[in-house]
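Everything below concerns the one structure shown next.
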Amino acid sequence: MMRRATVDDAANLAALSIQVWLHTYATQGIRHELSNYVLTELTEVAFASALADPAERFTLYERNGHVLGFIRLKTGSVCPTDPDCTTEIVTLYVQSHFVGQGIGADLLRHALSGCETDSVWLTVYHGNTRAISFYKREGFTSIGSTWFELGTEKHENIIMQKQTVALGHRLH
Ligand SMILES: CC(C)(COP(=O)(O)OP(=O)(O)OC[C@H]1O[C@@H](n2cnc3c(N)ncnc32)[C@H](O)[C@@H]1OP(=O)(O)O)[C@@H](O)C(=O)NCCC(=O)NCCS
């Protein structure tokens with residue numbers, strides 16, 4: 001089932017994010033930049049603060065009392081290559097044991113059906129080809145690139161966008 005997250009979910013969101021992030025990006029093992037990022041950015045305190053922010057909306061996917069994935073939307077977040085697009089999909093994570101079961105697509109469609117904006121945007125690491133093909137299949141197109149700063153390193157991220165007007169009209 002899917003439900004809106006509350007502040008009580010902060011620890012689970014932090015733990016799940018660290019697991020998914022390291023599984024996705026620490027593919028050659030662990031090093032300082034990776035450890036520092038997850039232990040300073042993906043904390044319970046950081047998620048508790050985001051969950052309390054009215055601009056943010058988190059939706060969880062749960063099964064048998066366990067969180068399998070979540071999506072995080074933020075309004076008022078201006079797309080670097082399209083200033084009219086101000087709703088960002090900050091995160092879409094599914095725990096690795098459960099990828100490929102349609103959970104990511106369910107979370108995305110659920111979140112977009114409750115979204116009243118014309119378009120949404122996100123960034124994804126340029127080497128994350130499976131996520132990029134997933135987003136393309138879900139109707140996103142590439143509209144530029146930006147840089148993700150990891151300590152002193154810079155990594156290219158693709159900016160993707162989806163028009164949601166037609167979907168919104170159909171569902172409202
Ligand atoms: C990308 C992600 C959210 C997709 O969710 P999902 O529940 O696996 O997706 P669905 O089951 O709805 O769709 C499956 C499709 O997702 C894509 N996909 C992306 N990563 C995948 C993975 N690790 N394993 C399997 N499929 C993956 C594939 O294109 C797959 O299509 P295919 O079955 O034709 O190969 C999820 O795989 C995930 O959390 N990955 C790790 C974190 C990540 O990369 N997040 C996005 C970064 S912005």
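Scheme for the structure tokens: letters A, B, ... for chains in order shown; per-chain residue numbers from 1; ligand numbers from 1 in order shown.
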
*When DSSP works through the backbone of this structure, what residues of range 62-111 of chain A end up as strand (DSSP E or B), shown as a PyMOL selection string?*
chain A and resi 62-63+66-75+79+82+87-94

Hey, can you spit out that residue selection with C-alpha atoms as a PDB file, in the first residue's frame?
ATOM      1  CA  GLU A  62       4.772  -0.448   2.270  1.00  0.00           C
ATOM      2  CA  ARG A  63       4.211  -4.188   2.399  1.00  0.00           C
ATOM      3  CA  HIS A  66       8.001  -2.730   5.858  1.00  0.00           C
ATOM      4  CA  VAL A  67       8.948   0.251   3.715  1.00  0.00           C
ATOM      5  CA  LEU A  68      10.055  -0.913   0.234  1.00  0.00           C
ATOM      6  CA  GLY A  69      10.406   2.437  -1.473  1.00  0.00           C
ATOM      7  CA  PHE A  70       9.462   6.077  -1.498  1.00  0.00           C
ATOM      8  CA  ILE A  71       9.094   9.160  -3.675  1.00  0.00           C
ATOM      9  CA  ARG A  72       9.872  12.712  -2.557  1.00  0.00           C
ATOM     10  CA  LEU A  73       8.365  15.746  -4.325  1.00  0.00           C
ATOM     11  CA  LYS A  74       9.255  19.358  -3.646  1.00  0.00           C
ATOM     12  CA  THR A  75       7.317  22.402  -4.818  1.00  0.00           C
ATOM     13  CA  CYS A  79      14.450  23.631 -12.702  1.00  0.00           C
ATOM     14  CA  ASP A  82      13.287  25.659 -17.320  1.00  0.00           C
ATOM     15  CA  THR A  87       8.084  20.876  -8.941  1.00  0.00           C
ATOM     16  CA  GLU A  88      11.029  18.563  -8.442  1.00  0.00           C
ATOM     17  CA  ILE A  89      11.077  14.833  -7.910  1.00  0.00           C
ATOM     18  CA  VAL A  90      13.925  14.960  -5.413  1.00  0.00           C
ATOM     19  CA  THR A  91      14.131  11.201  -4.883  1.00  0.00           C
ATOM     20  CA  LEU A  92      12.585   7.966  -6.128  1.00  0.00           C
ATOM     21  CA  TYR A  93      14.090   4.930  -4.410  1.00  0.00           C
ATOM     22  CA  VAL A  94      13.060   1.295  -4.312  1.00  0.00           C
TER      23      VAL A  94
END

_Quick one: residues within 12 Å of Gly102 in chain A, only C-alpha atoms, excluding same-chain residues fewer than 2 positions away - as number ranges by chain?_
A: 61, 68-69, 94, 98-100, 104-109, 134, 138

*Select, from A:Val124, A:Ala52, A:Ile143, A:Ala14, the residue with the minimum atom-to-atom distance to ligand 1, counting only C-alpha atoms and all ligand atoms.*
A:Val124

*Closest to Glu56 in chain A among A:Thr123, A:Ser77, A:Thr129, A:Thr141, using only C-alpha atoms?*
A:Ser77

*Residues of range 57-123 of chain A in alpha helix (DSSP H), written as a list of chain:residue names*: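 Answer for range 57-123 of chain A, restricted to alpha helix (DSSP H): A:Ile103, A:Gly104, A:Ala105, A:Asp106, A:Leu107, A:Leu108, A:Arg109, A:His110, A:Ala111, A:Leu112, A:Ser113.
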
Would you export the selected residues with N, CA and C atoms as a PDB file, in the first residue's frame, please?
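Output (out06.pdb):
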ATOM      1  N   ILE A 103       7.076  -1.223  -8.595  1.00  0.00           N
ATOM      2  CA  ILE A 103       6.863  -0.354  -7.427  1.00  0.00           C
ATOM      3  C   ILE A 103       7.261   1.094  -7.753  1.00  0.00           C
ATOM      4  N   GLY A 104       8.366   1.262  -8.463  1.00  0.00           N
ATOM      5  CA  GLY A 104       8.817   2.610  -8.844  1.00  0.00           C
ATOM      6  C   GLY A 104       7.777   3.301  -9.716  1.00  0.00           C
ATOM      7  N   ALA A 105       7.237   2.558 -10.691  1.00  0.00           N
ATOM      8  CA  ALA A 105       6.223   3.144 -11.574  1.00  0.00           C
ATOM      9  C   ALA A 105       4.962   3.490 -10.793  1.00  0.00           C
ATOM     10  N   ASP A 106       4.567   2.626  -9.860  1.00  0.00           N
ATOM     11  CA  ASP A 106       3.372   2.896  -9.036  1.00  0.00           C
ATOM     12  C   ASP A 106       3.563   4.161  -8.199  1.00  0.00           C
ATOM     13  N   LEU A 107       4.730   4.281  -7.570  1.00  0.00           N
ATOM     14  CA  LEU A 107       5.003   5.467  -6.747  1.00  0.00           C
ATOM     15  C   LEU A 107       4.982   6.730  -7.593  1.00  0.00           C
ATOM     16  N   LEU A 108       5.615   6.651  -8.764  1.00  0.00           N
ATOM     17  CA  LEU A 108       5.683   7.822  -9.638  1.00  0.00           C
ATOM     18  C   LEU A 108       4.287   8.251 -10.093  1.00  0.00           C
ATOM     19  N   ARG A 109       3.498   7.300 -10.555  1.00  0.00           N
ATOM     20  CA  ARG A 109       2.153   7.644 -11.056  1.00  0.00           C
ATOM     21  C   ARG A 109       1.261   8.157  -9.928  1.00  0.00           C
ATOM     22  N   HIS A 110       1.371   7.541  -8.758  1.00  0.00           N
ATOM     23  CA  HIS A 110       0.576   7.984  -7.613  1.00  0.00           C
ATOM     24  C   HIS A 110       0.935   9.435  -7.253  1.00  0.00           C
ATOM     25  N   ALA A 111       2.230   9.709  -7.193  1.00  0.00           N
ATOM     26  CA  ALA A 111       2.665  11.065  -6.803  1.00  0.00           C
ATOM     27  C   ALA A 111       2.241  12.079  -7.858  1.00  0.00           C
ATOM     28  N   LEU A 112       2.361  11.730  -9.133  1.00  0.00           N
ATOM     29  CA  LEU A 112       2.005  12.689 -10.188  1.00  0.00           C
ATOM     30  C   LEU A 112       0.505  12.891 -10.283  1.00  0.00           C
ATOM     31  N   SER A 113      -0.278  11.870  -9.918  1.00  0.00           N
ATOM     32  CA  SER A 113      -1.729  12.036  -9.990  1.00  0.00           C
ATOM     33  C   SER A 113      -2.217  13.038  -8.940  1.00  0.00           C
TER      34      SER A 113
END

*Excluding same-chain residues fewer than 4 positions from Ile18 in chain A, what lies within 9 Å of it counting only C-alpha atoms, as a VMD selection string?*
chain A and resid 13 to 14 22 to 23 38 to 39 42 to 43

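Closest to ligand 1 among A:Arg4, A:His97, A:His32, A:Lys154 is A:His97, based on only C-alpha atoms and all ligand atoms.
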
Within 10 Å of Ser145 in chain A, counting only C-alpha atoms, which residues qualify if same-chain residues fewer than 5 places away don't, as a compact mmCIF listing (two decimals) with C-alpha atoms, in the first residue's frame?
# COMPACT_ATOMS: atom_id res chain seq x y z
CA PRO A 80 17.91 24.93 -13.77
CA THR A 81 17.01 24.75 -17.48
CA THR A 123 18.10 14.96 -12.02
CA VAL A 124 19.69 11.57 -12.44
CA TYR A 125 23.37 10.54 -12.60
CA HIS A 126 24.35 10.30 -16.27
CA GLU A 156 27.33 15.07 -14.39
CA ASN A 157 23.61 14.61 -13.84
CA ILE A 158 20.98 14.61 -16.58
CA ILE A 159 17.96 16.91 -16.09
CA MET A 160 14.72 15.23 -17.15

*Pick from A:Arg3, A:Arg137, A:Lys162, A:Arg31, whichever lies nearest to ligand 1 using only C-alpha atoms and all ligand atoms*: A:Arg137

_Which residues are near Gln161 in chain A? Cut-off 8 Å, only C-alpha atoms, ignore same chain within fewer than 3 positions. Put them as a list in words._
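Residues near the query, excluding close chain neighbours: Ser119, Val120, Trp121, Leu122, Phe140, Thr141, Ser142 and Ile143 of chain A.
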
Go ahead and write the selection's residues with N, CA and C atoms as a PDB file, in the first residue's frame.
ATOM      1  N   SER A 119       4.190  20.515 -15.015  1.00  0.00           N
ATOM      2  CA  SER A 119       5.345  19.683 -15.353  1.00  0.00           C
ATOM      3  C   SER A 119       6.171  19.418 -14.098  1.00  0.00           C
ATOM      4  N   VAL A 120       6.953  18.366 -14.155  1.00  0.00           N
ATOM      5  CA  VAL A 120       7.865  18.040 -13.057  1.00  0.00           C
ATOM      6  C   VAL A 120       9.249  17.800 -13.644  1.00  0.00           C
ATOM      7  N   TRP A 121      10.276  17.964 -12.804  1.00  0.00           N
ATOM      8  CA  TRP A 121      11.635  17.721 -13.275  1.00  0.00           C
ATOM      9  C   TRP A 121      12.407  16.927 -12.230  1.00  0.00           C
ATOM     10  N   LEU A 122      13.516  16.365 -12.655  1.00  0.00           N
ATOM     11  CA  LEU A 122      14.392  15.616 -11.750  1.00  0.00           C
ATOM     12  C   LEU A 122      15.796  15.594 -12.336  1.00  0.00           C
ATOM     13  N   PHE A 140       9.406  10.840 -19.474  1.00  0.00           N
ATOM     14  CA  PHE A 140      10.333  11.956 -19.243  1.00  0.00           C
ATOM     15  C   PHE A 140      11.262  12.121 -20.445  1.00  0.00           C
ATOM     16  N   THR A 141      11.664  13.377 -20.709  1.00  0.00           N
ATOM     17  CA  THR A 141      12.676  13.629 -21.737  1.00  0.00           C
ATOM     18  C   THR A 141      13.834  14.400 -21.113  1.00  0.00           C
ATOM     19  N   SER A 142      15.013  14.269 -21.721  1.00  0.00           N
ATOM     20  CA  SER A 142      16.202  14.968 -21.215  1.00  0.00           C
ATOM     21  C   SER A 142      16.150  16.411 -21.677  1.00  0.00           C
ATOM     22  N   ILE A 143      16.413  17.355 -20.745  1.00  0.00           N
ATOM     23  CA  ILE A 143      16.382  18.778 -21.123  1.00  0.00           C
ATOM     24  C   ILE A 143      17.646  19.502 -20.675  1.00  0.00           C
TER      25      ILE A 143
END

*asked:* Taking only C-alpha atoms and all ligand atoms into account, name the residue in A:Ala26, A:Ser49, A:Phe148, A:Gln101 that is nearest to ligand 1.
replied: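 Smallest distance to ligand 1 is found for A:Gln101.
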
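Neighbouring residues of Asp118 in chain A at 8 Å or closer, counting only C-alpha atoms and skipping chain neighbours under 3 positions away, are A:Cys85, A:Gln163, A:Thr164, A:Val165, A:Gly168.
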
Suppose we keep N, CA and C atoms; can you now write the selection as a short mmCIF file (atom, residue, chain, number, x, y, z; two decimals), in the first residue's frame?
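The result, written out as selection-v1.cif:
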data_model
loop_
_atom_site.label_atom_id
_atom_site.label_comp_id
_atom_site.auth_asym_id
_atom_site.auth_seq_id
_atom_site.Cartn_x
_atom_site.Cartn_y
_atom_site.Cartn_z
N CYS A 85 9.25 25.50 -14.59
CA CYS A 85 9.00 24.17 -14.01
C CYS A 85 9.54 24.19 -12.58
N GLN A 163 5.79 16.53 -18.84
CA GLN A 163 4.60 17.37 -18.82
C GLN A 163 3.49 16.58 -18.13
N THR A 164 2.81 17.22 -17.19
CA THR A 164 1.79 16.48 -16.42
C THR A 164 0.38 17.02 -16.64
N VAL A 165 0.26 18.04 -17.51
CA VAL A 165 -1.02 18.69 -17.72
C VAL A 165 -2.11 17.71 -18.14
N GLY A 168 -3.09 15.44 -15.36
CA GLY A 168 -3.86 16.18 -14.36
C GLY A 168 -5.31 16.36 -14.80
#

*For Tyr37 in chain A, which residue out of A:Trp147, A:Phe58, A:Trp21, A:Tyr135 is the nearest one, using only C-alpha atoms?*
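Of A:Trp147, A:Phe58, A:Trp21, A:Tyr135, the one nearest Tyr37 in chain A, counting only C-alpha atoms, is A:Trp21.
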